[in-house]
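J.: Structure file target_26.csv (CSV, C-alpha atoms and all ligand atoms) is given on the next line.
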```csv
chain,number,residue,atom,x,y,z
A,1130,MET,CA,-20.3,-50.4,9.4
A,1131,ASP,CA,-21.4,-53.3,7.3
A,1132,ARG,CA,-18.6,-54.8,5.3
A,1133,LEU,CA,-19.0,-56.4,1.9
A,1134,GLN,CA,-18.2,-60.0,1.7
A,1135,LEU,CA,-14.8,-60.9,0.4
A,1136,LEU,CA,-14.9,-62.6,-3.0
A,1137,TYR,CA,-11.9,-64.8,-2.0
A,1138,ASP,CA,-14.0,-66.2,0.8
A,1139,LEU,CA,-16.0,-68.1,-1.8
A,1140,ASP,CA,-14.7,-71.4,-3.2
A,1141,LEU,CA,-15.6,-72.7,-6.6
A,1142,ALA,CA,-18.8,-74.4,-5.4
A,1143,GLY,CA,-19.8,-71.1,-3.6
A,1144,LEU,CA,-19.3,-69.1,-6.8
A,1145,THR,CA,-21.2,-71.7,-8.8
A,1146,SER,CA,-24.3,-71.4,-6.5
A,1147,LEU,CA,-24.0,-67.7,-6.5
A,1148,MET,CA,-24.1,-67.6,-10.3
A,1149,GLN,CA,-27.1,-70.0,-10.2
A,1150,GLU,CA,-28.8,-67.7,-7.7
A,1151,TRP,CA,-28.2,-64.7,-10.0
A,1152,GLY,CA,-29.5,-66.6,-13.1
A,1153,GLU,CA,-26.1,-66.7,-14.7
A,1154,PRO,CA,-24.8,-69.7,-16.6
A,1155,ALA,CA,-22.5,-72.0,-14.5
A,1156,TYR,CA,-19.4,-71.3,-16.6
A,1157,ARG,CA,-19.4,-67.8,-15.3
A,1158,ALA,CA,-18.2,-69.2,-11.9
A,1159,SER,CA,-15.2,-70.8,-13.6
A,1160,GLN,CA,-14.4,-67.6,-15.3
A,1161,VAL,CA,-14.4,-65.7,-12.0
A,1162,TRP,CA,-12.3,-68.5,-10.5
A,1163,GLN,CA,-9.8,-68.6,-13.3
A,1164,GLY,CA,-9.6,-64.8,-13.3
A,1165,GLN,CA,-8.8,-64.8,-9.6
A,1166,TYR,CA,-6.5,-67.8,-9.4
A,1167,ARG,CA,-5.0,-68.3,-12.8
A,1168,ASN,CA,-4.8,-64.7,-14.2
A,1169,LEU,CA,-4.3,-63.3,-10.7
A,1170,TRP,CA,-6.7,-60.5,-11.4
A,1171,VAL,CA,-7.7,-58.5,-8.4
A,1172,ILE,CA,-9.7,-55.4,-9.5
A,1173,PRO,CA,-13.1,-55.8,-11.1
A,1174,GLU,CA,-12.0,-54.0,-14.3
A,1175,GLN,CA,-9.5,-56.8,-15.0
A,1176,PHE,CA,-12.3,-59.4,-15.3
A,1177,THR,CA,-12.8,-58.7,-18.9
A,1178,SER,CA,-14.0,-62.3,-19.6
A,1179,LEU,CA,-17.3,-61.3,-17.8
A,1180,PRO,CA,-20.0,-59.2,-19.3
A,1181,LEU,CA,-19.9,-55.7,-17.8
A,1182,PRO,CA,-23.3,-55.9,-15.9
A,1183,LEU,CA,-22.1,-59.0,-14.1
A,1184,ARG,CA,-18.7,-57.4,-13.3
A,1185,THR,CA,-20.5,-54.4,-11.9
A,1186,LYS,CA,-22.9,-56.4,-9.8
A,1187,LEU,CA,-20.0,-58.5,-8.4
A,1188,ALA,CA,-18.2,-55.3,-7.5
A,1189,GLU,CA,-21.3,-53.9,-5.7
A,1190,VAL,CA,-21.8,-57.0,-3.6
A,1191,PHE,CA,-18.2,-58.2,-3.0
A,1192,LEU,CA,-14.8,-56.9,-2.0
A,1193,PHE,CA,-12.3,-58.1,-4.5
A,1194,SER,CA,-9.4,-57.8,-2.1
A,1195,SER,CA,-9.1,-56.8,1.6
A,1196,LEU,CA,-5.4,-56.8,2.5
A,1197,HIS,CA,-3.8,-53.4,2.4
A,1198,PRO,CA,0.0,-53.5,2.2
A,1199,ALA,CA,1.0,-50.9,4.8
A,1200,GLN,CA,4.8,-51.5,4.8
A,1201,GLU,CA,7.3,-53.5,2.8
A,1202,PHE,CA,10.7,-54.6,4.1
A,1203,VAL,CA,13.6,-56.1,2.2
A,1204,SER,CA,16.6,-57.8,3.9
A,1205,GLN,CA,20.1,-56.6,3.1
A,1206,ASN,CA,20.9,-59.5,0.9
A,1207,GLY,CA,17.6,-59.1,-1.0
A,1208,GLU,CA,16.6,-62.7,-0.3
A,1209,THR,CA,13.8,-62.0,2.2
A,1210,HIS,CA,10.8,-59.7,1.8
A,1211,LYS,CA,8.2,-59.0,4.4
A,1212,THR,CA,4.9,-57.2,4.0
A,1213,LEU,CA,2.9,-55.8,6.8
A,1214,PHE,CA,-0.8,-55.9,5.8
A,1215,ARG,CA,-3.7,-54.1,7.4
A,1216,LEU,CA,-6.9,-56.1,7.5
A,1217,HIS,CA,-10.2,-54.4,6.8
A,1218,ASN,CA,-10.8,-53.8,10.5
A,1219,GLY,CA,-7.3,-52.4,11.1
A,1220,ASP,CA,-5.7,-55.5,12.6
A,1221,ALA,CA,-2.4,-56.4,11.1
A,1222,ILE,CA,-0.6,-59.4,9.9
A,1223,GLU,CA,2.8,-60.1,8.2
A,1224,THR,CA,3.7,-62.3,5.3
A,1225,VAL,CA,7.3,-63.2,4.3
A,1226,LEU,CA,8.8,-64.3,1.0
A,1227,MET,CA,12.1,-66.2,1.0
A,1228,ARG,CA,14.0,-66.6,-2.2
A,1229,PHE,CA,16.5,-69.4,-1.9
A,1230,ARG,CA,18.0,-70.9,-5.0
A,1231,LYS,CA,15.0,-71.9,-7.2
A,1232,ARG,CA,12.6,-71.8,-4.3
A,1233,ARG,CA,10.2,-69.0,-3.7
A,1234,THR,CA,8.7,-69.9,-0.3
A,1235,LEU,CA,6.0,-67.9,1.3
A,1236,CYS,CA,5.5,-67.9,5.1
A,1237,ILE,CA,1.9,-66.9,5.7
A,1238,SER,CA,-0.2,-66.0,8.7
A,1239,THR,CA,-3.4,-67.6,9.9
A,1240,GLN,CA,-4.2,-65.2,12.7
A,1241,SER,CA,-3.4,-61.6,13.7
A,1242,GLY,CA,-1.3,-62.3,16.8
A,1243,CYS,CA,-1.6,-65.7,18.6
A,1244,GLY,CA,-3.3,-66.9,21.7
A,1245,MET,CA,-0.8,-69.7,22.6
A,1246,GLY,CA,1.6,-67.5,24.5
A,1247,CYS,CA,4.9,-69.3,23.8
A,1248,VAL,CA,7.3,-67.3,25.8
A,1249,PHE,CA,10.1,-67.0,23.1
A,1250,CYS,CA,7.8,-65.9,20.3
A,1251,ALA,CA,7.1,-62.3,19.4
A,1252,THR,CA,3.7,-63.2,18.0
A,1253,GLY,CA,2.8,-65.0,21.2
A,1254,GLN,CA,3.9,-62.0,23.2
A,1255,MET,CA,1.3,-59.8,21.5
A,1256,GLY,CA,-1.7,-62.1,22.2
A,1257,LEU,CA,-4.5,-63.0,19.8
A,1258,GLN,CA,-6.3,-60.2,17.9
A,1259,ARG,CA,-8.4,-62.4,15.7
A,1260,SER,CA,-8.4,-65.4,13.3
A,1261,LEU,CA,-8.3,-64.8,9.6
A,1262,SER,CA,-10.9,-66.0,7.1
A,1263,ALA,CA,-9.9,-68.4,4.3
A,1264,GLY,CA,-10.0,-65.6,1.9
A,1265,GLU,CA,-7.6,-63.4,3.9
A,1266,ILE,CA,-5.2,-66.4,4.1
A,1267,VAL,CA,-5.4,-67.0,0.3
A,1268,GLU,CA,-4.9,-63.3,-0.5
A,1269,GLN,CA,-1.5,-63.3,1.1
A,1270,VAL,CA,-0.3,-65.9,-1.4
A,1271,LEU,CA,-2.0,-64.2,-4.4
A,1272,TYR,CA,-0.4,-60.9,-3.4
A,1273,TYR,CA,3.1,-62.3,-3.7
A,1274,ALA,CA,2.2,-64.5,-6.7
A,1275,ARG,CA,1.3,-61.2,-8.5
A,1276,LYS,CA,4.6,-59.6,-7.4
A,1277,LEU,CA,6.6,-62.7,-8.6
A,1278,ALA,CA,4.7,-62.9,-11.9
A,1279,VAL,CA,6.1,-59.5,-12.8
A,1280,VAL,CA,9.6,-61.0,-12.9
A,1281,ASN,CA,8.3,-64.3,-14.4
A,1282,GLU,CA,8.5,-66.2,-11.2
A,1283,LYS,CA,6.1,-68.3,-9.2
A,1284,VAL,CA,5.4,-69.2,-5.6
A,1285,THR,CA,6.9,-72.7,-5.2
A,1286,ASN,CA,6.2,-73.5,-1.6
A,1287,VAL,CA,4.0,-72.2,1.2
A,1288,VAL,CA,4.8,-72.7,4.9
A,1289,VAL,CA,2.0,-71.9,7.4
A,1290,MET,CA,4.5,-70.6,9.9
A,1291,GLY,CA,3.7,-66.9,10.1
A,1292,MET,CA,1.6,-65.3,12.7
A,1293,GLY,CA,-0.8,-67.5,14.5
A,1294,GLU,CA,-1.6,-71.1,15.3
A,1295,PRO,CA,-3.1,-72.7,12.2
A,1296,PHE,CA,-4.8,-75.5,14.1
A,1297,HIS,CA,-6.5,-72.9,16.2
A,1298,ASN,CA,-8.0,-71.7,12.9
A,1299,TYR,CA,-8.3,-75.1,11.4
A,1300,GLU,CA,-11.3,-74.8,9.0
A,1301,ALA,CA,-10.1,-71.5,7.4
A,1302,THR,CA,-6.5,-72.7,7.1
A,1303,LEU,CA,-7.5,-76.0,5.4
A,1304,ALA,CA,-10.1,-74.2,3.2
A,1305,ALA,CA,-7.4,-71.7,2.0
A,1306,ILE,CA,-5.0,-74.6,1.1
A,1307,ARG,CA,-7.7,-76.4,-0.7
A,1308,ARG,CA,-8.5,-73.3,-2.7
A,1309,LEU,CA,-4.8,-72.7,-3.6
A,1310,ASN,CA,-4.4,-76.4,-4.4
A,1311,HIS,CA,-7.4,-76.5,-6.9
A,1312,PRO,CA,-6.3,-77.8,-10.3
A,1313,ALA,CA,-8.6,-75.4,-12.2
A,1314,GLY,CA,-7.1,-72.4,-10.4
A,1315,PHE,CA,-3.8,-71.7,-8.6
A,1316,ASN,CA,-2.9,-75.4,-8.7
A,1317,LEU,CA,-0.1,-75.5,-6.2
A,1318,GLY,CA,0.4,-79.1,-5.2
A,1319,ALA,CA,-0.6,-80.2,-1.7
A,1320,ARG,CA,3.0,-81.4,-1.0
A,1321,ARG,CA,4.2,-77.9,-1.5
A,1322,PHE,CA,2.4,-76.8,1.7
A,1323,THR,CA,3.7,-77.3,5.2
A,1324,ILE,CA,1.5,-76.6,8.3
A,1325,SER,CA,3.4,-76.0,11.6
A,1326,THR,CA,1.5,-76.5,14.8
A,1327,VAL,CA,2.3,-75.9,18.4
A,1328,GLY,CA,0.8,-79.3,19.1
A,1329,LEU,CA,-3.0,-79.1,19.4
A,1330,VAL,CA,-3.6,-82.8,19.7
A,1331,PRO,CA,-7.3,-83.0,18.7
A,1332,MET,CA,-6.5,-81.2,15.5
A,1333,ILE,CA,-3.5,-83.3,14.8
A,1334,ARG,CA,-5.8,-86.3,15.1
A,1335,ARG,CA,-8.4,-84.7,12.8
A,1336,PHE,CA,-5.7,-83.9,10.3
A,1337,THR,CA,-4.6,-87.5,10.4
A,1338,GLU,CA,-8.1,-88.8,9.8
A,1339,GLU,CA,-8.5,-86.4,6.8
A,1340,ASP,CA,-5.4,-87.9,5.3
A,1341,HIS,CA,-4.0,-84.8,3.5
A,1342,GLN,CA,-0.9,-84.7,1.4
A,1343,ILE,CA,0.1,-81.5,3.1
A,1344,ASN,CA,3.3,-81.7,5.2
A,1345,LEU,CA,3.0,-81.5,9.0
A,1346,ALA,CA,5.5,-79.9,11.4
A,1347,VAL,CA,5.2,-79.9,15.1
A,1348,SER,CA,7.0,-77.4,17.3
A,1349,LEU,CA,8.6,-79.4,20.1
A,1350,HIS,CA,11.5,-77.4,21.5
A,1351,ALA,CA,11.8,-79.6,24.6
A,1352,ALA,CA,11.6,-83.3,25.2
A,1353,ASN,CA,10.5,-83.2,28.9
A,1354,ASP,CA,7.2,-81.8,30.2
A,1355,GLU,CA,8.7,-79.5,32.8
A,1356,LEU,CA,10.8,-77.5,30.3
A,1357,ARG,CA,8.2,-77.7,27.5
A,1358,SER,CA,5.4,-76.4,29.7
A,1359,ALA,CA,7.7,-73.5,30.8
A,1360,LEU,CA,8.2,-72.5,27.1
A,1361,ILE,CA,4.9,-73.5,25.6
A,1362,PRO,CA,1.9,-73.1,28.0
A,1363,ILE,CA,-0.4,-75.4,25.9
A,1364,ASN,CA,1.9,-78.3,26.9
A,1365,LYS,CA,0.1,-78.2,30.3
A,1366,LYS,CA,-3.1,-79.3,28.4
A,1367,TYR,CA,-1.5,-81.6,25.8
A,1368,SER,CA,1.5,-83.0,27.4
A,1369,LEU,CA,4.3,-84.8,25.6
A,1370,ASP,CA,3.0,-88.3,26.0
A,1371,VAL,CA,-0.3,-87.5,24.3
A,1372,LEU,CA,1.3,-85.3,21.7
A,1373,ILE,CA,3.9,-87.9,20.7
A,1374,ALA,CA,1.3,-90.6,20.6
A,1375,ALA,CA,-0.8,-88.4,18.2
A,1376,CYS,CA,2.4,-87.8,16.1
A,1377,ARG,CA,3.1,-91.6,15.9
A,1378,GLU,CA,-0.5,-92.2,14.9
A,1379,TYR,CA,-0.1,-89.6,12.1
A,1380,VAL,CA,3.0,-91.3,10.8
A,1381,ALA,CA,1.5,-94.8,11.1
A,1382,LYS,CA,-1.8,-93.9,9.4
A,1383,THR,CA,-0.6,-91.6,6.6
A,1384,HIS,CA,2.8,-93.2,6.0
A,1385,ARG,CA,4.2,-89.7,5.9
A,1386,ARG,CA,7.2,-88.3,7.6
A,1387,ILE,CA,6.6,-85.7,10.3
A,1388,THR,CA,8.9,-82.8,11.0
A,1389,PHE,CA,9.8,-81.6,14.5
A,1390,GLU,CA,10.9,-78.0,15.0
A,1391,TRP,CA,13.4,-77.1,17.7
A,1392,ALA,CA,14.6,-73.6,18.4
A,1393,LEU,CA,18.0,-73.9,20.1
A,1394,ILE,CA,18.2,-71.7,23.2
A,1395,ARG,CA,21.6,-71.3,24.7
A,1396,ASP,CA,22.1,-73.4,27.9
A,1397,LEU,CA,18.4,-74.3,28.0
A,1398,ASN,CA,17.7,-77.0,25.4
A,1399,ASP,CA,20.8,-77.1,23.3
A,1400,SER,CA,23.0,-79.7,25.0
A,1401,ARG,CA,23.9,-83.2,23.9
A,1402,SER,CA,21.8,-84.6,26.7
A,1403,HIS,CA,18.8,-82.7,25.4
A,1404,ALA,CA,19.4,-84.2,22.0
A,1405,ARG,CA,19.5,-87.7,23.6
A,1406,GLN,CA,16.3,-87.0,25.4
A,1407,LEU,CA,14.7,-86.0,22.1
A,1408,ALA,CA,16.1,-89.1,20.4
A,1409,ASP,CA,14.5,-91.3,23.1
A,1410,LEU,CA,11.2,-89.5,22.7
A,1411,VAL,CA,10.9,-90.0,18.9
A,1412,GLN,CA,12.8,-93.2,18.5
A,1413,GLY,CA,11.5,-95.4,15.7
A,1414,MET,CA,9.2,-92.7,14.2
A,1415,THR,CA,9.7,-91.6,10.6
A,1416,CYS,CA,10.6,-88.0,11.3
A,1417,HIS,CA,13.0,-85.2,10.6
A,1418,VAL,CA,14.2,-82.6,13.1
A,1419,ASN,CA,14.7,-79.0,12.1
A,1420,VAL,CA,16.8,-77.0,14.5
A,1421,ILE,CA,17.2,-73.3,14.4
A,1422,PRO,CA,19.2,-71.1,16.7
A,1423,LEU,CA,16.6,-69.0,18.6
A,1424,ASN,CA,15.8,-65.6,17.0
A,1425,PRO,CA,16.0,-63.0,19.8
A,1426,THR,CA,12.7,-61.3,20.7
A,1427,GLN,CA,12.1,-58.3,22.8
A,1428,ARG,CA,10.3,-59.8,25.8
A,1429,TYR,CA,12.3,-63.0,26.2
A,1430,ALA,CA,15.8,-63.1,27.7
A,1431,GLY,CA,16.9,-66.4,26.0
A,1432,GLN,CA,19.8,-66.3,23.6
A,1433,ALA,CA,20.6,-68.1,20.4
A,1434,THR,CA,22.8,-71.2,20.7
A,1435,THR,CA,26.2,-71.2,19.0
A,1436,MET,CA,26.7,-72.8,15.6
A,1437,GLU,CA,29.1,-75.2,17.3
A,1438,ARG,CA,26.5,-76.4,19.7
A,1439,ALA,CA,23.9,-76.6,17.0
A,1440,ARG,CA,26.3,-78.9,15.1
A,1441,GLU,CA,26.9,-81.1,18.2
A,1442,PHE,CA,23.1,-81.4,18.7
A,1443,LYS,CA,22.6,-82.4,15.1
A,1444,LEU,CA,25.5,-85.0,15.3
A,1445,GLU,CA,24.0,-86.5,18.5
A,1446,LEU,CA,20.6,-86.9,16.8
A,1447,GLU,CA,22.2,-88.4,13.7
A,1448,SER,CA,24.2,-90.9,15.7
A,1449,ARG,CA,20.8,-92.2,16.8
A,1450,GLY,CA,19.5,-92.4,13.2
A,1451,ILE,CA,17.4,-89.2,13.4
A,1452,PRO,CA,17.9,-86.9,10.4
A,1453,CYS,CA,18.4,-83.3,11.4
A,1454,THR,CA,18.8,-80.0,9.5
A,1455,ILE,CA,20.2,-76.8,10.9
A,1456,ARG,CA,18.0,-74.1,9.5
A,1457,ILE,CA,19.7,-70.9,8.5
A,1458,ARG,CA,18.3,-67.8,10.0
A,1459,ARG,CA,16.8,-65.6,7.3
A,1460,GLY,CA,15.6,-62.1,7.3
A,1461,ILE,CA,16.4,-61.4,10.9
A,1462,ASP,CA,17.6,-57.9,10.0
A,1463,ILE,CA,14.0,-57.1,9.0
A,1464,ALA,CA,12.5,-59.1,11.9
A,1465,ALA,CA,11.2,-61.6,9.4
A,1466,GLY,CA,12.7,-64.7,11.1
A,1467,CYS,CA,10.7,-67.4,12.8
A,1468,GLY,CA,8.9,-66.1,15.8
A,1469,GLN,CA,9.8,-62.5,15.1
A,1470,LEU,CA,6.6,-61.4,13.5
A,1471,ALA,CA,4.8,-58.9,15.8
A,1472,ILE,CA,2.9,-55.7,15.2
A,1473,GLN,CA,3.8,-52.9,17.5
A,1474,ALA,CA,0.6,-51.3,18.7
A,1501,LIG,N1,2.0,-71.5,15.6
A,1501,LIG,C1,2.7,-72.4,14.8
A,1501,LIG,C2,3.3,-71.8,13.6
A,1501,LIG,C3,3.9,-70.4,13.7
A,1501,LIG,S1,5.4,-70.3,14.6
A,1501,LIG,C4,3.8,-73.1,15.6
A,1501,LIG,O1,4.1,-72.6,16.8
A,1501,LIG,O2,4.3,-74.1,15.2
A,1501,LIG,C5,6.6,-71.0,13.4
A,1501,LIG,C6,7.8,-71.6,14.1
A,1501,LIG,O3,8.6,-70.6,14.6
A,1501,LIG,C7,7.4,-72.6,15.2
A,1501,LIG,O4,8.2,-73.7,15.1
A,1501,LIG,C8,7.8,-71.7,16.4
A,1501,LIG,O5,8.1,-72.6,17.5
A,1501,LIG,C9,9.0,-71.0,15.9
A,1501,LIG,N2,9.5,-69.9,16.7
A,1501,LIG,C10,8.7,-69.1,17.4
A,1501,LIG,N3,9.5,-68.1,18.0
A,1501,LIG,C11,10.7,-68.3,17.6
A,1501,LIG,C12,12.0,-67.7,17.9
A,1501,LIG,N4,12.0,-66.6,18.7
A,1501,LIG,N5,13.1,-68.2,17.3
A,1501,LIG,C13,13.0,-69.3,16.5
A,1501,LIG,N6,11.9,-70.0,16.2
A,1501,LIG,C14,10.8,-69.5,16.8
A,1502,LIG,FE1,1.7,-69.0,18.5
A,1502,LIG,FE2,3.4,-70.5,17.3
A,1502,LIG,FE3,4.2,-68.2,18.4
A,1502,LIG,FE4,3.5,-70.3,19.9
A,1502,LIG,S1,5.3,-70.2,18.5
A,1502,LIG,S2,2.9,-68.2,20.2
A,1502,LIG,S3,1.9,-71.2,18.8
A,1502,LIG,S4,2.8,-68.4,16.7
```
Could you write out this structure as structure tokens?
Ligand code: SAH
Ligand code: SF4
T.:
Amino acid sequence: MDRLQLLYDLDLAGLTSLMQEWGEPAYRASQVWQGQYRNLWVIPEQFTSLPLPLRTKLAEVFLFSSLHPAQEFVSQNGETHKTLFRLHNGDAIETVLMRFRKRRTLCISTQSGCGMGCVFCATGQMGLQRSLSAGEIVEQVLYYARKLAVVNEKVTNVVVMGMGEPFHNYEATLAAIRRLNHPAGFNLGARRFTISTVGLVPMIRRFTEEDHQINLAVSLHAANDELRSALIPINKKYSLDVLIAACREYVAKTHRRITFEWALIRDLNDSRSHARQLADLVQGMTCHVNVIPLNPTQRYAGQATTMERAREFKLELESRGIPCTIRIRRGIDIAAGCGQLAIQA
């Protein structure tokens, strides 16, 4: 079955040329854009700034939205919400909202599943179904923006840490962020976004060249190749020496701080000596390390570290001048924690 094109898949330039093609004045493009990204309109009837014939034509040619919320989950303390969306072809993704103090942080997906196969990650365990389009990525944010608007709140931060490897879907991910960042629309500052990558070196280099204001996080989890390759198969292709060189280049060229993610797995990568190994690896780089006790997943036997060992790990890094934050595990009662997103077939 042919599928209508998703309106969110057009950026402002795309809308402008569409209006030109249809013989409409150029300002109609801005009206559509503002309707979508400022007013958060989502059904054709809401676009009252447009003449009815144009609205009708748009609705005939385009899908105004494509994500169908299939299930919603709320954590016991009410801080974390998760939505399971069905995509138009039946594939599924999950999006998570974390409310913490004044922050309203969304954790969004860039793929249904993931092809990177990290052994500790539930998304990796399900394999890759498909990559999302820019519009499908954008829609996750607008869905929650609408929900928050009802209670007079706004999305303050977006972390690209949901399902999928964003740098394996580079174009769409960056296009989505550009769209959400646009001053005439949603206008969320580039610094409010963080992309987390498993370490696809060519894409880290490209990201460096493009010199974005978006924050970059790299999932490290091990500071020697033997252990990292056992946890993260892509390390066999991009080993630590090339990965760290690309990270150093990113910091040198952009003058930005880089974040390293480290899931602490009991007795595997959580000792003081592992912390020392990490300190040696990143010595001298402007960076920050986020450690999080592993979230348990069904097909991985590894356990979370203890808080005591997490604190020791942090102290060891700090004694070497490397700032480290212990991340609190959120939403694990609704399987909304890092690496827990997975759709049961
Ligand atoms: N693919 C990207 C982003 C999605 S995963 C990446 O790998 O960076 C987001 C973060 O969750 C990554 O740092 C990832 O390593 C981490 N993660 C995956 N499984 C986890 C688990 N079971 N417990 C804790 N963190 C996990
Ligand atoms: Fe994919 Fe990231 Fe999970 Fe690895 S940790 S399988 S890259 S989502």
J.: Please work out which residues fall within 10 Å of (-1.5, -78.6, 20.2), coordinates as given in the file, with only C-alpha atoms counting, and return them as a list in words.
T.: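 I get Met1245, Glu1294, Phe1296, His1297, Thr1326, Val1327, Gly1328, Leu1329, Val1330, Pro1331, Met1332, Ile1333, Val1347, Ser1348, Ile1361, Ile1363, Asn1364, Lys1366, Tyr1367, Ser1368, Val1371 and Leu1372 of chain A for the residues within 10 Å of that point.
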J.: Please, which residues have at least one atom within 10 Å of an atom of ligand LIG 1502 (chain A), using only C-alpha atoms and all ligand atoms, listed as a ChimeraX atom specification?
T.: /A:1238-1257,1289-1297,1325-1329,1347-1350,1360-1363,1392,1467-1471
J.: Quick one: pull the distance between atom CA of A:Ile1306 and atom CA of A:Glu1390, Å, one decimal.
T.: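 Atom CA of A:Glu1390 lies 21.4 Å from atom CA of A:Ile1306.
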J.: Could you check how far atom CA of A:Ala1278 sits from atom CA of A:Asn1168, in Å to one decimal?
T.: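 Separating atom CA of A:Ala1278 from atom CA of A:Asn1168 is a distance of 9.9 Å.
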J.: Could you tell me which of A:Glu1174, A:Glu1208, A:Glu1437, A:Glu1265 comes closest to A:Arg1395 if we count only C-alpha atoms?
T.: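 Of A:Glu1174, A:Glu1208, A:Glu1437, A:Glu1265, the one nearest A:Arg1395 is A:Glu1437, counting only C-alpha atoms.
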J.: Name the residues within 9 Å of (24.2, -80.6, 19.7), counting all atoms listed in the file in the file's coordinates, and put them as JSON, numbers by chain.
T.: {"A": [1399, 1400, 1401, 1402, 1403, 1404, 1437, 1438, 1439, 1440, 1441, 1442, 1443, 1444, 1445, 1446]}
J.: Point out the residue among A:Leu1141, A:Leu1213, A:Ala1305, A:Cys1236 with the least atom-to-atom distance to ligand LIG 1501 (chain A), counting all atoms listed in the file.
T.: A:Cys1236
J.: Mind giving me the straight-line distance from atom CA of A:Arg1321 to atom CA of A:Lys1283 in Å, one decimal?
T.: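 Atom-to-atom, atom CA of A:Arg1321 and atom CA of A:Lys1283 are spaced 12.5 Å apart.
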J.: Given the choices A:Ile1394, A:Val1203, A:Ala1375, A:Ile1463, which gets closest to A:Arg1334 if the distance is worked out from all atoms listed in the file?
T.: A:Ala1375
J.: Between A:Thr1426, A:Gln1200, A:Asn1298, A:Asn1286, single out the one closest to A:Asn1310, counting all atoms listed in the file.
T.: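 Smallest separation from A:Asn1310 among the options: A:Asn1286.
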J.: Please list as a list in words every residue within 12 Å of A:Pro1198, counting all atoms listed in the file and excluding residues in the same chain fewer than 3 positions away.
T.: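 Those residues are Ser1194, Ser1195, Glu1201, Phe1202, Lys1211, Thr1212, Leu1213, Phe1214, Arg1215, Leu1216, His1217, Gly1219, Ala1221, Ile1222, Glu1223, Thr1224, Glu1268, Gln1269, Tyr1272 and Tyr1273 of chain A.
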J.: Please list as a ChimeraX atom specification every residue within 10 Å of A:Ala1374, counting all atoms listed in the file and excluding residues in the same chain fewer than 4 positions away.
T.: /A:1330,1334,1369-1370,1378-1380,1411
J.: Using all atoms listed in the file, which protein or nucleic acid residues come within 10 Å of A:Asp1396? Drop anything in the same chain fewer than 5 positions from it, and give the result as an mmCIF file with C-alpha atoms, in the coordinates of the input.
T.:
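Written output follows (selection_8.cif):
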```
data_model
loop_
_atom_site.group_PDB
_atom_site.id
_atom_site.type_symbol
_atom_site.label_atom_id
_atom_site.label_comp_id
_atom_site.auth_asym_id
_atom_site.auth_seq_id
_atom_site.Cartn_x
_atom_site.Cartn_y
_atom_site.Cartn_z
ATOM 1 C CA GLY A 1431 16.900 -66.400 26.000
ATOM 2 C CA GLN A 1432 19.800 -66.300 23.600
ATOM 3 C CA ALA A 1433 20.600 -68.100 20.400
ATOM 4 C CA THR A 1434 22.800 -71.200 20.700
ATOM 5 C CA ARG A 1438 26.500 -76.400 19.700
#
```
J.: Could you check which of A:Leu1309, A:Leu1407, A:Thr1302, A:Gly1413 is closest to ligand LIG 1501 (chain A), using only C-alpha atoms and all ligand atoms?
T.: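 Checking each candidate against ligand LIG 1501 (chain A), we get A:Thr1302 as the closest.
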J.: Between A:Leu1169, A:Leu1393, A:Thr1185, A:Leu1410, which has the minimum distance to A:Asn1424 (counting all atoms listed in the file)?
T.: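 The shortest atom-to-atom distance to A:Asn1424 comes from A:Leu1393.
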J.: Would you list the contacts of A:Thr1415 as number ranges by chain, taking every protein, DNA or RNA residue within 12 Å and counting all atoms listed in the file, but skipping same-chain residues closer than 2 positions in sequence?
T.: A: 1376-1389, 1408, 1411-1413, 1417-1418, 1450-1452
J.: For stretch 1146-1154 of chain A, supply N, CA and C atoms and report the output as an mmCIF file, in the coordinates of the input.
T.:
```cif
data_model
loop_
_atom_site.group_PDB
_atom_site.id
_atom_site.type_symbol
_atom_site.label_atom_id
_atom_site.label_comp_id
_atom_site.auth_asym_id
_atom_site.auth_seq_id
_atom_site.Cartn_x
_atom_site.Cartn_y
_atom_site.Cartn_z
ATOM 1 N N SER A 1146 -22.891 -71.650 -6.949
ATOM 2 C CA SER A 1146 -24.300 -71.400 -6.500
ATOM 3 C C SER A 1146 -24.657 -69.975 -6.546
ATOM 4 N N LEU A 1147 -23.684 -69.098 -6.400
ATOM 5 C CA LEU A 1147 -24.000 -67.700 -6.500
ATOM 6 C C LEU A 1147 -24.473 -67.356 -7.957
ATOM 7 N N MET A 1148 -23.777 -67.893 -8.934
ATOM 8 C CA MET A 1148 -24.100 -67.600 -10.300
ATOM 9 C C MET A 1148 -25.533 -68.198 -10.631
ATOM 10 N N GLN A 1149 -25.787 -69.362 -10.045
ATOM 11 C CA GLN A 1149 -27.100 -70.000 -10.200
ATOM 12 C C GLN A 1149 -28.192 -69.052 -9.644
ATOM 13 N N GLU A 1150 -27.910 -68.575 -8.427
ATOM 14 C CA GLU A 1150 -28.800 -67.700 -7.700
ATOM 15 C C GLU A 1150 -29.107 -66.413 -8.584
ATOM 16 N N TRP A 1151 -28.086 -65.939 -9.244
ATOM 17 C CA TRP A 1151 -28.200 -64.700 -10.000
ATOM 18 C C TRP A 1151 -28.708 -65.003 -11.465
ATOM 19 N N GLY A 1152 -29.010 -66.259 -11.742
ATOM 20 C CA GLY A 1152 -29.500 -66.600 -13.100
ATOM 21 C C GLY A 1152 -28.483 -66.573 -14.164
ATOM 22 N N GLU A 1153 -27.226 -66.730 -13.758
ATOM 23 C CA GLU A 1153 -26.100 -66.700 -14.700
ATOM 24 C C GLU A 1153 -25.762 -68.154 -15.103
ATOM 25 N N PRO A 1154 -25.216 -68.382 -16.285
ATOM 26 C CA PRO A 1154 -24.800 -69.700 -16.600
ATOM 27 C C PRO A 1154 -23.607 -70.154 -15.668
#
```
